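Have a look at work26.cif below; it lists mmCIF, C-alpha atoms.
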```cif
data_target
#
loop_
_atom_site.label_atom_id
_atom_site.label_comp_id
_atom_site.auth_asym_id
_atom_site.auth_seq_id
_atom_site.Cartn_x
_atom_site.Cartn_y
_atom_site.Cartn_z
CA LYS A 3 -15.42 -12.73 -24.50
CA LYS A 4 -16.51 -11.08 -21.26
CA PHE A 5 -19.75 -9.92 -22.91
CA LEU A 6 -20.74 -13.51 -23.82
CA ILE A 7 -21.77 -14.55 -20.30
CA THR A 8 -25.11 -12.71 -20.24
CA PRO A 9 -26.07 -13.76 -23.81
CA VAL A 10 -25.47 -17.39 -22.83
CA LEU A 11 -27.68 -16.92 -19.75
CA VAL A 12 -30.36 -15.29 -21.93
CA PHE A 13 -30.15 -18.22 -24.35
CA ILE A 14 -30.65 -20.70 -21.50
CA ALA A 15 -33.49 -18.63 -20.00
CA SER A 16 -35.24 -18.71 -23.39
CA TYR A 17 -35.68 -22.48 -22.94
CA ILE A 18 -36.87 -22.16 -19.36
CA LEU A 19 -39.51 -19.49 -19.98
CA PRO A 20 -42.53 -20.08 -22.27
CA PHE A 21 -41.86 -19.46 -25.95
CA VAL A 22 -44.42 -17.92 -28.32
CA TYR A 23 -44.75 -20.03 -31.48
CA TRP A 24 -46.49 -17.57 -33.79
CA PRO A 25 -48.40 -19.63 -36.42
CA GLU A 26 -47.22 -17.27 -39.18
CA MET A 27 -43.59 -18.03 -38.35
CA LEU A 28 -44.35 -21.73 -38.69
CA ASN A 29 -46.73 -21.76 -41.64
CA TRP A 30 -45.42 -19.09 -43.99
CA PRO A 31 -41.91 -20.58 -44.47
CA PHE A 32 -43.55 -24.03 -44.66
CA PHE A 33 -45.89 -22.89 -47.44
CA ILE A 34 -43.06 -21.15 -49.28
CA ASN A 35 -40.96 -24.31 -49.11
CA HIS A 36 -43.83 -26.12 -50.84
CA GLY A 37 -43.69 -23.72 -53.76
CA TRP A 38 -46.26 -21.16 -52.67
CA LEU A 39 -45.31 -17.59 -53.42
CA PRO A 40 -45.59 -14.83 -50.82
CA TYR A 41 -48.14 -12.10 -51.59
CA LYS A 42 -49.65 -14.11 -54.48
CA ASP A 43 -50.42 -17.41 -52.74
CA ILE A 44 -50.10 -16.16 -49.14
CA ALA A 45 -51.50 -12.85 -47.93
CA ILE A 46 -48.43 -11.42 -46.16
CA VAL A 47 -48.42 -7.77 -45.11
CA HIS A 48 -44.69 -7.57 -44.28
CA THR A 49 -41.55 -7.38 -46.36
CA PRO A 50 -40.00 -10.82 -46.90
CA PHE A 51 -36.48 -10.83 -45.42
CA LEU A 52 -37.39 -12.58 -42.15
CA LEU A 53 -39.37 -15.25 -44.00
CA GLY A 54 -36.41 -15.98 -46.27
CA PHE A 55 -34.15 -16.00 -43.20
CA LEU A 56 -36.41 -18.53 -41.46
CA THR A 57 -36.83 -20.68 -44.56
CA VAL A 58 -33.06 -21.09 -44.77
CA PHE A 59 -32.90 -22.22 -41.13
CA TYR A 60 -35.82 -24.62 -41.57
CA ASN A 61 -34.18 -26.20 -44.61
CA LEU A 62 -30.90 -26.58 -42.74
CA LEU A 63 -32.30 -27.91 -39.46
CA GLY A 64 -35.71 -29.31 -40.39
CA PHE A 65 -39.27 -28.03 -40.27
CA ASN A 66 -39.70 -28.56 -36.54
CA THR A 67 -40.91 -26.30 -33.77
CA TRP A 68 -37.54 -26.56 -32.04
CA THR A 69 -35.93 -24.92 -35.09
CA LEU A 70 -38.08 -21.83 -34.58
CA HIS A 71 -37.26 -21.85 -30.86
CA LEU A 72 -33.54 -22.10 -31.61
CA VAL A 73 -33.71 -19.14 -34.01
CA GLY A 74 -35.60 -17.07 -31.43
CA SER A 75 -33.12 -17.94 -28.68
CA LEU A 76 -30.14 -17.13 -30.91
CA LEU A 77 -31.64 -13.79 -31.96
CA LEU A 78 -32.23 -12.82 -28.32
CA ALA A 79 -28.70 -13.87 -27.34
CA PHE A 80 -27.17 -12.07 -30.34
CA THR A 81 -29.07 -8.87 -29.55
CA THR A 82 -27.93 -9.11 -25.93
CA MET A 83 -24.34 -9.48 -27.09
CA LEU A 84 -24.62 -6.42 -29.37
CA VAL A 85 -25.98 -4.33 -26.49
CA GLY A 86 -22.95 -5.29 -24.42
CA LEU A 87 -20.45 -4.63 -27.19
CA LEU A 88 -21.94 -1.20 -27.82
CA THR A 89 -22.20 -0.07 -24.21
CA LYS A 90 -19.24 -2.05 -22.77
CA LYS A 91 -21.41 -2.81 -19.74
CA HIS A 92 -22.85 -6.06 -18.40
CA SER A 93 -25.57 -4.04 -16.68
CA SER A 94 -27.02 -2.99 -20.04
CA GLN A 95 -27.18 -6.61 -21.15
CA ILE A 96 -29.01 -7.53 -17.94
CA ILE A 97 -31.46 -4.66 -18.44
CA PHE A 98 -32.19 -5.74 -22.03
CA GLY A 99 -32.61 -9.39 -21.08
CA LEU A 100 -35.08 -8.59 -18.30
CA LEU A 101 -37.10 -6.25 -20.51
CA ALA A 102 -37.07 -8.52 -23.55
CA PHE A 103 -38.58 -11.41 -21.59
CA SER A 104 -41.01 -9.03 -19.86
CA LEU A 105 -42.21 -7.78 -23.27
CA SER A 106 -42.99 -11.28 -24.60
CA GLY A 107 -39.83 -11.14 -26.69
CA ASN A 108 -39.18 -14.85 -26.25
CA SER A 109 -40.40 -15.60 -29.76
CA VAL A 110 -39.66 -14.93 -33.40
CA TRP A 111 -41.47 -11.98 -34.89
CA PHE A 112 -40.34 -9.23 -37.25
CA GLU A 113 -39.05 -7.07 -34.40
CA SER A 114 -36.95 -10.02 -33.17
CA LEU A 115 -34.73 -9.68 -36.24
CA LEU A 116 -35.21 -5.94 -36.55
CA ALA A 117 -33.67 -5.29 -33.10
CA PRO A 118 -30.12 -6.53 -33.90
CA VAL A 119 -30.25 -4.95 -37.38
CA LEU A 120 -31.16 -1.57 -35.85
CA ILE A 121 -28.42 -1.85 -33.21
CA LEU A 122 -25.88 -2.45 -35.98
CA LEU A 123 -27.40 0.47 -37.89
CA PHE A 124 -27.08 2.69 -34.80
CA TRP A 125 -23.42 1.65 -34.41
CA ALA A 126 -22.72 2.33 -38.13
CA PHE A 127 -24.12 5.86 -37.83
CA LYS A 128 -22.21 6.41 -34.59
CA ASP A 129 -18.95 5.52 -36.36
CA LYS A 130 -19.95 7.42 -39.52
CA LYS A 131 -19.87 4.28 -41.66
CA PHE A 132 -22.55 5.61 -43.98
CA VAL A 133 -22.26 2.98 -46.72
CA LEU A 134 -22.73 0.18 -44.18
CA ALA A 135 -25.51 2.19 -42.50
CA GLY A 136 -27.35 2.51 -45.80
CA PHE A 137 -27.13 -1.21 -46.49
CA LEU A 138 -28.36 -2.03 -42.97
CA PHE A 139 -31.25 0.42 -43.32
CA GLY A 140 -32.18 -1.35 -46.55
CA ILE A 141 -32.15 -4.68 -44.71
CA ALA A 142 -34.30 -3.14 -41.97
CA LEU A 143 -36.84 -2.02 -44.60
CA LEU A 144 -36.86 -5.54 -46.06
CA THR A 145 -37.42 -6.95 -42.57
CA LYS A 146 -40.35 -4.66 -41.80
CA GLN A 147 -41.35 -1.80 -44.05
CA THR A 148 -42.34 0.37 -41.08
CA ALA A 149 -38.60 0.74 -40.38
CA GLY A 150 -39.15 3.75 -42.64
CA TYR A 151 -40.51 5.49 -39.54
CA LEU A 152 -36.85 5.96 -38.58
CA LEU A 153 -36.11 8.20 -41.58
CA PRO A 154 -36.00 11.40 -39.48
CA LEU A 155 -33.27 9.79 -37.36
CA MET A 156 -31.44 8.82 -40.55
CA ALA A 157 -31.46 12.46 -41.67
CA LEU A 158 -29.88 13.93 -38.53
CA PRO A 159 -26.27 12.76 -39.08
CA PHE A 160 -26.21 14.27 -42.57
CA LEU A 161 -26.94 17.81 -41.43
CA LYS A 162 -23.20 18.27 -40.79
CA GLN A 163 -21.95 16.04 -43.61
CA ARG A 164 -21.07 16.68 -47.21
CA PRO A 165 -23.76 15.78 -49.81
CA LYS A 166 -21.48 13.01 -51.09
CA LYS A 167 -21.97 11.10 -47.82
CA LEU A 168 -25.74 11.26 -48.26
CA LEU A 169 -25.39 10.01 -51.83
CA PHE A 170 -23.32 7.00 -50.69
CA PHE A 171 -25.89 6.26 -48.00
CA ALA A 172 -28.81 6.46 -50.46
CA ILE A 173 -27.10 4.19 -52.99
CA SER A 174 -26.34 1.56 -50.37
CA VAL A 175 -29.96 1.68 -49.12
CA LEU A 176 -31.07 0.86 -52.66
CA ILE A 177 -28.93 -2.29 -52.94
CA PRO A 178 -31.27 -4.57 -50.92
CA ILE A 179 -34.33 -2.80 -52.35
CA ILE A 180 -33.16 -3.37 -55.93
CA PHE A 181 -32.57 -7.04 -55.11
CA LEU A 182 -36.15 -7.23 -53.81
CA TYR A 183 -37.43 -5.50 -56.95
CA PHE A 184 -35.75 -8.01 -59.27
CA TRP A 185 -36.96 -10.95 -57.16
CA LEU A 186 -40.55 -9.67 -57.18
CA ASN A 187 -40.39 -8.96 -60.89
CA ALA A 188 -38.91 -12.38 -61.70
CA ASN A 189 -41.78 -14.08 -59.86
CA ASN A 190 -44.49 -11.73 -61.20
CA LEU A 191 -45.25 -10.53 -57.67
CA MET A 192 -45.08 -6.76 -58.11
CA THR A 193 -48.87 -6.26 -58.14
CA ASP A 194 -49.41 -8.63 -55.24
CA PHE A 195 -46.62 -7.07 -53.18
CA TRP A 196 -48.04 -3.61 -53.78
CA LYS A 197 -51.47 -4.84 -52.69
CA TRP A 198 -50.39 -6.44 -49.40
CA GLY A 199 -47.04 -4.86 -48.54
CA ILE A 200 -47.79 -1.24 -49.44
CA GLN A 201 -51.49 -0.57 -50.03
CA PHE A 202 -52.73 -2.59 -47.06
CA VAL A 203 -50.12 -1.19 -44.66
CA PHE A 204 -49.93 2.46 -45.69
CA LEU A 205 -52.67 3.46 -48.13
CA GLN A 206 -55.87 1.67 -47.12
CA THR A 207 -58.21 2.85 -44.38
CA SER A 208 -61.12 0.39 -44.52
CA HIS A 209 -59.35 -2.13 -42.26
CA THR A 210 -58.72 0.58 -39.66
CA SER A 211 -62.40 1.22 -39.02
CA PRO A 212 -63.59 0.33 -35.49
CA GLU A 213 -65.73 -2.59 -36.64
CA ASN A 214 -62.69 -4.32 -38.15
CA SER A 215 -60.73 -4.10 -34.86
CA TYR A 216 -57.41 -3.53 -36.64
CA VAL A 217 -56.31 -0.63 -34.48
CA LEU A 218 -55.34 -1.92 -31.04
CA LEU A 219 -54.59 0.70 -28.40
CA PRO A 220 -52.51 -0.05 -25.29
CA THR A 221 -54.37 -0.81 -22.09
CA ILE A 222 -53.99 1.45 -19.07
CA LYS A 223 -51.53 -0.99 -17.48
CA GLN A 224 -49.48 -1.18 -20.67
CA THR A 225 -49.44 2.61 -20.95
CA ILE A 226 -48.23 2.95 -17.35
CA PHE A 227 -45.54 0.32 -17.91
CA VAL A 228 -44.16 1.88 -21.11
CA GLY A 229 -44.59 5.44 -19.81
CA GLY A 230 -42.66 4.54 -16.66
CA LEU A 231 -39.83 3.08 -18.73
CA VAL A 232 -39.66 6.18 -20.95
CA LEU A 233 -39.31 8.41 -17.89
CA ILE A 234 -36.18 6.61 -16.70
CA PRO A 235 -33.83 7.58 -19.59
CA LEU A 236 -35.67 10.89 -19.91
CA ILE A 237 -34.38 11.71 -16.44
CA LEU A 238 -31.03 9.90 -16.51
CA SER A 239 -29.67 10.01 -20.05
CA ARG A 240 -31.48 11.90 -22.86
CA ASN A 241 -28.82 10.92 -25.40
CA ILE A 242 -29.12 9.91 -29.06
CA ALA A 243 -29.99 6.33 -28.09
CA PHE A 244 -32.95 7.78 -26.18
CA ALA A 245 -34.21 9.30 -29.44
CA TRP A 246 -33.91 5.91 -31.16
CA MET A 247 -35.79 4.38 -28.25
CA LEU A 248 -38.66 6.84 -28.68
CA PHE A 249 -38.90 6.25 -32.43
CA SER A 250 -38.88 2.48 -31.89
CA LEU A 251 -42.21 2.84 -30.07
CA LEU A 252 -43.72 3.41 -33.53
CA PHE A 253 -43.25 -0.29 -34.32
CA ALA A 254 -46.22 -0.93 -32.01
CA VAL A 255 -48.48 1.24 -34.22
CA PRO A 256 -51.31 0.67 -35.14
CA ARG A 257 -51.69 -2.64 -33.26
CA PHE A 258 -50.07 -2.26 -29.87
CA ASP A 259 -48.59 -5.25 -28.13
CA PHE A 260 -45.51 -5.74 -26.03
CA PHE A 261 -43.71 -8.09 -28.45
CA HIS A 262 -43.35 -5.21 -30.94
CA LEU A 263 -41.17 -3.39 -28.40
CA VAL A 264 -38.03 -5.57 -28.48
CA PRO A 265 -36.13 -2.78 -30.35
CA PHE A 266 -37.46 -0.35 -27.71
CA ALA A 267 -35.98 -2.55 -24.97
CA ALA A 268 -32.64 -2.67 -26.79
CA PHE A 269 -32.34 1.10 -27.14
CA PHE A 270 -33.56 1.61 -23.57
CA ALA A 271 -30.63 -0.51 -22.42
CA ILE A 272 -28.23 1.27 -24.78
CA SER A 273 -29.43 4.70 -23.65
CA ILE A 274 -28.85 3.80 -20.00
CA GLY A 275 -25.56 2.05 -20.76
CA THR A 276 -24.02 4.91 -22.75
CA ALA A 277 -24.91 7.56 -20.16
CA ASN A 278 -22.76 8.58 -17.21
CA ILE A 279 -25.05 7.32 -14.47
CA LYS A 280 -24.12 6.92 -10.82
CA PRO A 281 -23.92 3.27 -9.70
CA LYS A 282 -26.75 3.66 -7.17
CA TYR A 283 -29.11 4.87 -9.92
CA LEU A 284 -27.98 2.07 -12.24
CA VAL A 285 -28.77 -0.49 -9.56
CA LEU A 286 -32.18 1.15 -9.12
CA VAL A 287 -32.88 0.85 -12.87
CA ILE A 288 -31.97 -2.86 -12.80
CA LEU A 289 -34.24 -3.42 -9.78
CA ILE A 290 -37.12 -1.65 -11.58
CA CYS A 291 -36.60 -3.85 -14.65
CA LEU A 292 -36.43 -6.91 -12.39
CA ALA A 293 -39.71 -5.88 -10.78
CA PHE A 294 -41.33 -5.56 -14.20
CA PHE A 295 -39.90 -8.95 -15.17
CA VAL A 296 -41.33 -10.65 -12.07
CA ALA A 297 -44.71 -8.94 -12.46
CA LEU A 298 -45.16 -9.65 -16.16
CA THR A 299 -43.62 -13.11 -16.39
CA ASN A 300 -45.48 -14.45 -13.36
CA SER A 301 -48.65 -14.82 -15.42
CA ILE A 302 -46.71 -16.10 -18.44
CA LEU A 303 -45.19 -18.95 -16.41
CA LYS A 304 -48.67 -20.27 -15.69
CA GLN A 305 -49.39 -20.70 -19.41
CA ASP A 306 -48.52 -23.40 -21.92
CA HIS A 307 -46.11 -22.40 -24.68
CA SER A 308 -48.27 -19.99 -26.64
CA PHE A 309 -50.02 -21.52 -29.69
CA LEU A 310 -48.73 -24.99 -28.77
CA ASP A 311 -51.15 -25.61 -25.91
CA LYS A 312 -52.53 -29.03 -25.05
CA ASN A 313 -55.72 -28.57 -27.09
CA THR A 314 -53.75 -27.67 -30.22
CA LEU A 315 -51.45 -30.68 -29.83
CA MET A 316 -54.46 -32.92 -29.25
CA VAL A 317 -56.17 -31.72 -32.44
CA ALA A 318 -52.87 -32.08 -34.35
CA ALA A 319 -52.58 -35.69 -33.16
CA TYR A 320 -56.16 -36.43 -34.26
CA VAL A 321 -55.62 -34.92 -37.70
CA LYS A 322 -52.37 -36.81 -38.15
CA ASN A 323 -53.93 -40.15 -37.15
CA ASN A 324 -57.27 -39.80 -38.95
CA LEU A 325 -57.02 -37.31 -41.81
CA GLN A 326 -53.78 -38.08 -43.57
CA ASN A 327 -54.02 -37.56 -47.35
CA LYS A 328 -57.30 -35.71 -46.81
CA THR A 329 -58.23 -32.17 -47.75
CA VAL A 330 -58.08 -30.11 -44.56
CA PHE A 331 -59.19 -26.57 -43.80
CA PHE A 332 -59.23 -25.03 -40.33
CA LEU A 333 -61.83 -22.32 -39.93
CA ASN A 334 -60.55 -19.48 -37.74
CA SER A 335 -58.48 -21.76 -35.52
CA TYR A 336 -55.53 -24.14 -35.31
CA ASP A 337 -53.65 -22.71 -38.33
CA GLN A 338 -50.36 -24.02 -36.96
CA ILE A 339 -51.50 -27.61 -37.47
CA TYR A 340 -50.66 -27.33 -41.18
CA PHE A 341 -47.02 -27.04 -40.10
CA LEU A 342 -47.26 -29.55 -37.24
CA ASP A 343 -48.80 -32.28 -39.41
CA ASN A 344 -46.98 -31.45 -42.66
CA ILE A 345 -50.18 -30.82 -44.61
CA MET A 346 -51.08 -27.98 -46.95
CA PRO A 347 -54.30 -25.92 -46.75
CA ALA A 348 -57.25 -26.83 -48.95
CA VAL A 349 -57.53 -23.22 -50.16
CA LYS A 350 -55.19 -21.08 -52.21
CA PRO A 351 -54.37 -18.26 -51.77
CA TRP A 352 -54.09 -18.45 -48.01
CA VAL A 353 -55.54 -15.38 -46.31
CA PRO A 354 -55.65 -14.99 -42.51
CA GLN A 355 -59.19 -15.18 -41.19
CA LEU A 356 -59.17 -11.82 -39.46
CA PRO A 357 -61.71 -8.97 -39.62
CA TRP A 358 -59.34 -6.42 -41.15
CA TYR A 359 -58.70 -8.71 -44.10
CA PHE A 360 -62.46 -8.95 -44.60
CA GLY A 361 -62.68 -5.18 -44.49
CA PHE A 362 -59.84 -4.79 -46.96
CA TYR A 363 -61.24 -7.09 -49.65
CA GLY A 364 -64.86 -7.66 -48.69
CA ASP A 365 -66.65 -10.15 -50.94
CA GLU A 366 -63.45 -10.91 -52.86
CA PHE A 367 -62.04 -12.38 -49.65
CA LEU A 368 -64.94 -14.83 -49.35
CA SER A 369 -64.78 -15.86 -53.01
#
```
Show me this structure written as structure tokens.
Amino acid sequence: KKFLITPVLVFIASYILPFVYWPEMLNWPFFINHGWLPYKDIAIVHTPFLLGFLTVFYNLLGFNTWTLHLVGSLLLAFTTMLVGLLTKKHSSQIIFGLLAFSLSGNSVWFESLLAPVLILLFWAFKDKKFVLAGFLFGIALLTKQTAGYLLPLMALPFLKQRPKKLLFFAISVLIPIIFLYFWLNANNLMTDFWKWGIQFVFLQTSHTSPENSYVLLPTIKQTIFVGGLVLIPLILSRNIAFAWMLFSLLFAVPRFDFFHLVPFAAFFAISIGTANIKPKYLVLVILICLAFFVALTNSILKQDHSFLDKNTLMVAAYVKNNLQNKTVFFLNSYDQIYFLDNIMPAVKPWVPQLPWYFGFYGDEFLS
């Protein structure tokens, strides 16, 4: 119970600070609930577990923006709680909370769900619960396929284990993947999933060309921020959680942005919390994280809730009052209004209007 105080504070803070309402997290479950199939009817380049997770919540609580906010707040609070349970320290929870908000983690994106799954995976490996670890790794892959970047970390514990342990791990990894296979096959989505979930992400290079702007490198300020954070556990801890922290930076590849680094923030806090650090240095780490929080959230506080700004709400009100029962298509803007006004797009399949999608399919995209 003593590790519930900080998660409750994080939950409350999530409603005080601006929340990022990613249009994809609104629209994709909304489209799916109207019978559209991912990958075939909606161009989705991620594995589907989070979308199914969100769709369940939307159906239980209603297709409202506050449902998404509630899910995001609960995920942040749950991750904060897991950090405390693993490290047995309130200080680690405070560190994670400060960093998560600093890194634009007050939202729902794939890393929002991936963070608690990876913490549980880390704990399962730590306690040598390899069957559970395999299942959790499978869930991580179904949340975001780039969780496969962690495979080298998965291999390390088996260097001193009997082959039977590795076999149990591999079988349990396959359980969620087999479920996905049967679901894709039952809905005739194998070809479409391969196209968007595998080929686009791992095997295609046309969308990574400079003119398509897919690759997004960190700015100098972002590099200094992340580099400074990496130096702290490099000096103070250098434990196994530090290795997980480093690998979690790969989730921001090839399009860097802070919100991809929520798992990084979690393992930063765990690395500090599981090390034998003198209290004066621990206080210094918290003050550094607080300084980052103040610096990065100061500009955020001046903004409207991202993607639900006044202009968007004004356009949504106009569409609702004047274009009900009409065919509506928003060209390169205001995608979230489909969700806000409970209307479906005039085009099917739905493909994001972004340069790298043009580069991937060219003329087929326009047709």
With the PyMOL selection byres ((chain A and resi 353) around 8) as the selection, what would be picked from this file? Answer as a PyMOL selection string, please. chain A and resi 44-45+351-352+354-355+359+367
Apply the PyMOL selection byres ((chain A and resi 107) around 10) to the file shown and report the selected residues as number ranges by chain. A: 16, 21-22, 74-75, 78, 99-106, 108-111, 113-114, 260-265, 267
What is the distance between atom CA of Asp343 of chain A and atom CA of Ile14 of chain A, in Å to one decimal?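 It comes out at 28.0 Å.
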Interatomic distance between atom CA of Gln95 of chain A and atom CA of Thr8 of chain A?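 Interatomic distance, atom CA of Gln95 of chain A to atom CA of Thr8 of chain A: 6.5 Å.
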For Leu186 of chain A, find every residue with an atom within 8 Å (counting all atoms listed in the file), except residues of its own chain fewer than 5 positions away, and show them as a list in words.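 So the residues in contact are Leu191, Met192 and Phe195 of chain A.
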Prev. selection, C-alpha atoms, output as a tab-separated table (two decimals), in the frame of the given file:
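Generated file (result_8.tsv):
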```tsv
chain	number	residue	atom	x	y	z
A	191	LEU	CA	-45.25	-10.53	-57.67
A	192	MET	CA	-45.08	-6.76	-58.11
A	195	PHE	CA	-46.62	-7.07	-53.18
```
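The spacing separating atom CA of Trp185 of chain A from atom CA of Phe170 of chain A amounts to 23.5 Å.
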Looking at A:Met346, A:Leu143, A:Val255, A:Val232, which one is nearest to Pro220 of chain A, with distances taken over all atoms listed in the file?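 Smallest separation from Pro220 of chain A among the options: A:Val255.
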Using all atoms listed in the file for the distances, tell me which of A:Thr82, A:Asn313, A:Phe331, A:Trp125 is nearest to Phe13 of chain A.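 Selected residue with least distance to Phe13 of chain A: A:Thr82.
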Closest contacts (segment 160-246 of chain A/segment 277-297 of chain A, max 12 Å, only C-alpha atoms) as JSON lines:
```
{"residue": "A:Lys223", "atom": "CA", "partner": "A:Ala297", "partner_atom": "CA", "distance": 11.6}
{"residue": "A:Gln224", "atom": "CA", "partner": "A:Phe294", "partner_atom": "CA", "distance": 11.3}
{"residue": "A:Ile226", "atom": "CA", "partner": "A:Phe294", "partner_atom": "CA", "distance": 11.4}
{"residue": "A:Phe227", "atom": "CA", "partner": "A:Phe294", "partner_atom": "CA", "distance": 8.1}
{"residue": "A:Val228", "atom": "CA", "partner": "A:Phe294", "partner_atom": "CA", "distance": 10.5}
{"residue": "A:Gly230", "atom": "CA", "partner": "A:Ile290", "partner_atom": "CA", "distance": 9.7}
{"residue": "A:Leu231", "atom": "CA", "partner": "A:Cys291", "partner_atom": "CA", "distance": 8.7}
{"residue": "A:Val232", "atom": "CA", "partner": "A:Val287", "partner_atom": "CA", "distance": 11.8}
{"residue": "A:Leu233", "atom": "CA", "partner": "A:Val287", "partner_atom": "CA", "distance": 11.1}
{"residue": "A:Ile234", "atom": "CA", "partner": "A:Val287", "partner_atom": "CA", "distance": 7.7}
{"residue": "A:Pro235", "atom": "CA", "partner": "A:Ala277", "partner_atom": "CA", "distance": 8.9}
{"residue": "A:Leu236", "atom": "CA", "partner": "A:Ala277", "partner_atom": "CA", "distance": 11.3}
{"residue": "A:Ile237", "atom": "CA", "partner": "A:Ile279", "partner_atom": "CA", "distance": 10.5}
{"residue": "A:Leu238", "atom": "CA", "partner": "A:Ile279", "partner_atom": "CA", "distance": 6.8}
{"residue": "A:Ser239", "atom": "CA", "partner": "A:Ala277", "partner_atom": "CA", "distance": 5.4}
{"residue": "A:Arg240", "atom": "CA", "partner": "A:Ala277", "partner_atom": "CA", "distance": 8.3}
{"residue": "A:Asn241", "atom": "CA", "partner": "A:Ala277", "partner_atom": "CA", "distance": 7.4}
{"residue": "A:Ile242", "atom": "CA", "partner": "A:Ala277", "partner_atom": "CA", "distance": 10.1}
{"residue": "A:Ala243", "atom": "CA", "partner": "A:Ala277", "partner_atom": "CA", "distance": 9.5}
{"residue": "A:Phe244", "atom": "CA", "partner": "A:Ala277", "partner_atom": "CA", "distance": 10.0}
```
Mind telling me what the PyMOL selection byres ((chain A and resi 271) around 8) catches here, as a PDB file with C-alpha atoms, keeping the file's coordinate frame?
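This is the output file part_19.pdb:
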```
ATOM      1  CA  VAL A  85     -25.980  -4.330 -26.490  1.00  0.00           C
ATOM      2  CA  SER A  94     -27.020  -2.990 -20.040  1.00  0.00           C
ATOM      3  CA  GLN A  95     -27.180  -6.610 -21.150  1.00  0.00           C
ATOM      4  CA  ILE A  97     -31.460  -4.660 -18.440  1.00  0.00           C
ATOM      5  CA  PHE A  98     -32.190  -5.740 -22.030  1.00  0.00           C
ATOM      6  CA  ALA A 267     -35.980  -2.550 -24.970  1.00  0.00           C
ATOM      7  CA  ALA A 268     -32.640  -2.670 -26.790  1.00  0.00           C
ATOM      8  CA  PHE A 269     -32.340   1.100 -27.140  1.00  0.00           C
ATOM      9  CA  PHE A 270     -33.560   1.610 -23.570  1.00  0.00           C
ATOM     10  CA  ILE A 272     -28.230   1.270 -24.780  1.00  0.00           C
ATOM     11  CA  SER A 273     -29.430   4.700 -23.650  1.00  0.00           C
ATOM     12  CA  ILE A 274     -28.850   3.800 -20.000  1.00  0.00           C
ATOM     13  CA  GLY A 275     -25.560   2.050 -20.760  1.00  0.00           C
TER      14      GLY A 275
END
```
Under the rule that all atoms listed in the file are counted, which of A:Leu6, A:Leu70, A:Leu19, A:Leu120 is the nearest residue to Met247 of chain A? A:Leu120
Quick one: everything within 10 Å of Thr329 of chain A, counting only C-alpha atoms, minus sequence neighbours fewer than 5 positions away in the same chain. Send it as an MDAnalysis selection string. chainID A and resid 345:349
Write a file of the just-selected residues containing C-alpha atoms, as an mmCIF file, in the frame of the given file.
```cif
data_model
loop_
_atom_site.group_PDB
_atom_site.id
_atom_site.type_symbol
_atom_site.label_atom_id
_atom_site.label_comp_id
_atom_site.auth_asym_id
_atom_site.auth_seq_id
_atom_site.Cartn_x
_atom_site.Cartn_y
_atom_site.Cartn_z
ATOM 1 C CA ILE A 345 -50.180 -30.820 -44.610
ATOM 2 C CA MET A 346 -51.080 -27.980 -46.950
ATOM 3 C CA PRO A 347 -54.300 -25.920 -46.750
ATOM 4 C CA ALA A 348 -57.250 -26.830 -48.950
ATOM 5 C CA VAL A 349 -57.530 -23.220 -50.160
#
```
Excluding Ala318 of chain A and any residue of its chain fewer than 5 positions from it, enumerate the residues within 9 Å of it, using all atoms listed in the file, and give them as a CSV table (one decimal) with C-alpha atoms, in the coordinates of the input.
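Saved result, out-v9.csv, follows:
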```csv
chain,number,residue,atom,x,y,z
A,313,ASN,CA,-55.7,-28.6,-27.1
A,323,ASN,CA,-53.9,-40.2,-37.2
A,336,TYR,CA,-55.5,-24.1,-35.3
A,338,GLN,CA,-50.4,-24.0,-37.0
A,339,ILE,CA,-51.5,-27.6,-37.5
A,340,TYR,CA,-50.7,-27.3,-41.2
A,342,LEU,CA,-47.3,-29.6,-37.2
A,343,ASP,CA,-48.8,-32.3,-39.4
```
Using all atoms listed in the file: which of A:Lys322, A:Tyr23, A:Leu315, A:Leu144 has the shortest distance to Ile180 of chain A: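 So, comparing all the options, the nearest one is A:Leu144.
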Can you tell me, as a ChimeraX atom specification, which residues sit within 9 Å of (-54.0, -8.4, -42.3) in the file's frame, using only C-alpha atoms? /A:45-47,198,202-203,209,216,353-360,362
Fewer than 5 positions away in the same chain doesn't count, so skip those; otherwise give me all residues within 12 Å of Phe112 of chain A, counting only C-alpha atoms, as a PyMOL selection string. chain A and resi 24+26-27+47-56+74+77+107+117-119+141-149+253-254+261-265
Between A:Phe32, A:Ser335, A:Leu158, A:Phe139, smallest distance to Ala245 of chain A by only C-alpha atoms belongs to A:Leu158
So that I can see what lies close to Thr193 of chain A, please list as a ChimeraX atom specification the residues with an atom at most 12 Å from it, counting only C-alpha atoms and leaving out residues fewer than 6 positions away in the same chain. /A:40-42,183,186-187,199-201
Among the residues A:Asp43, A:Leu298, A:Phe341, A:Ile173, the one that comes closest to Leu310 of chain A [using all atoms listed in the file]: A:Phe341
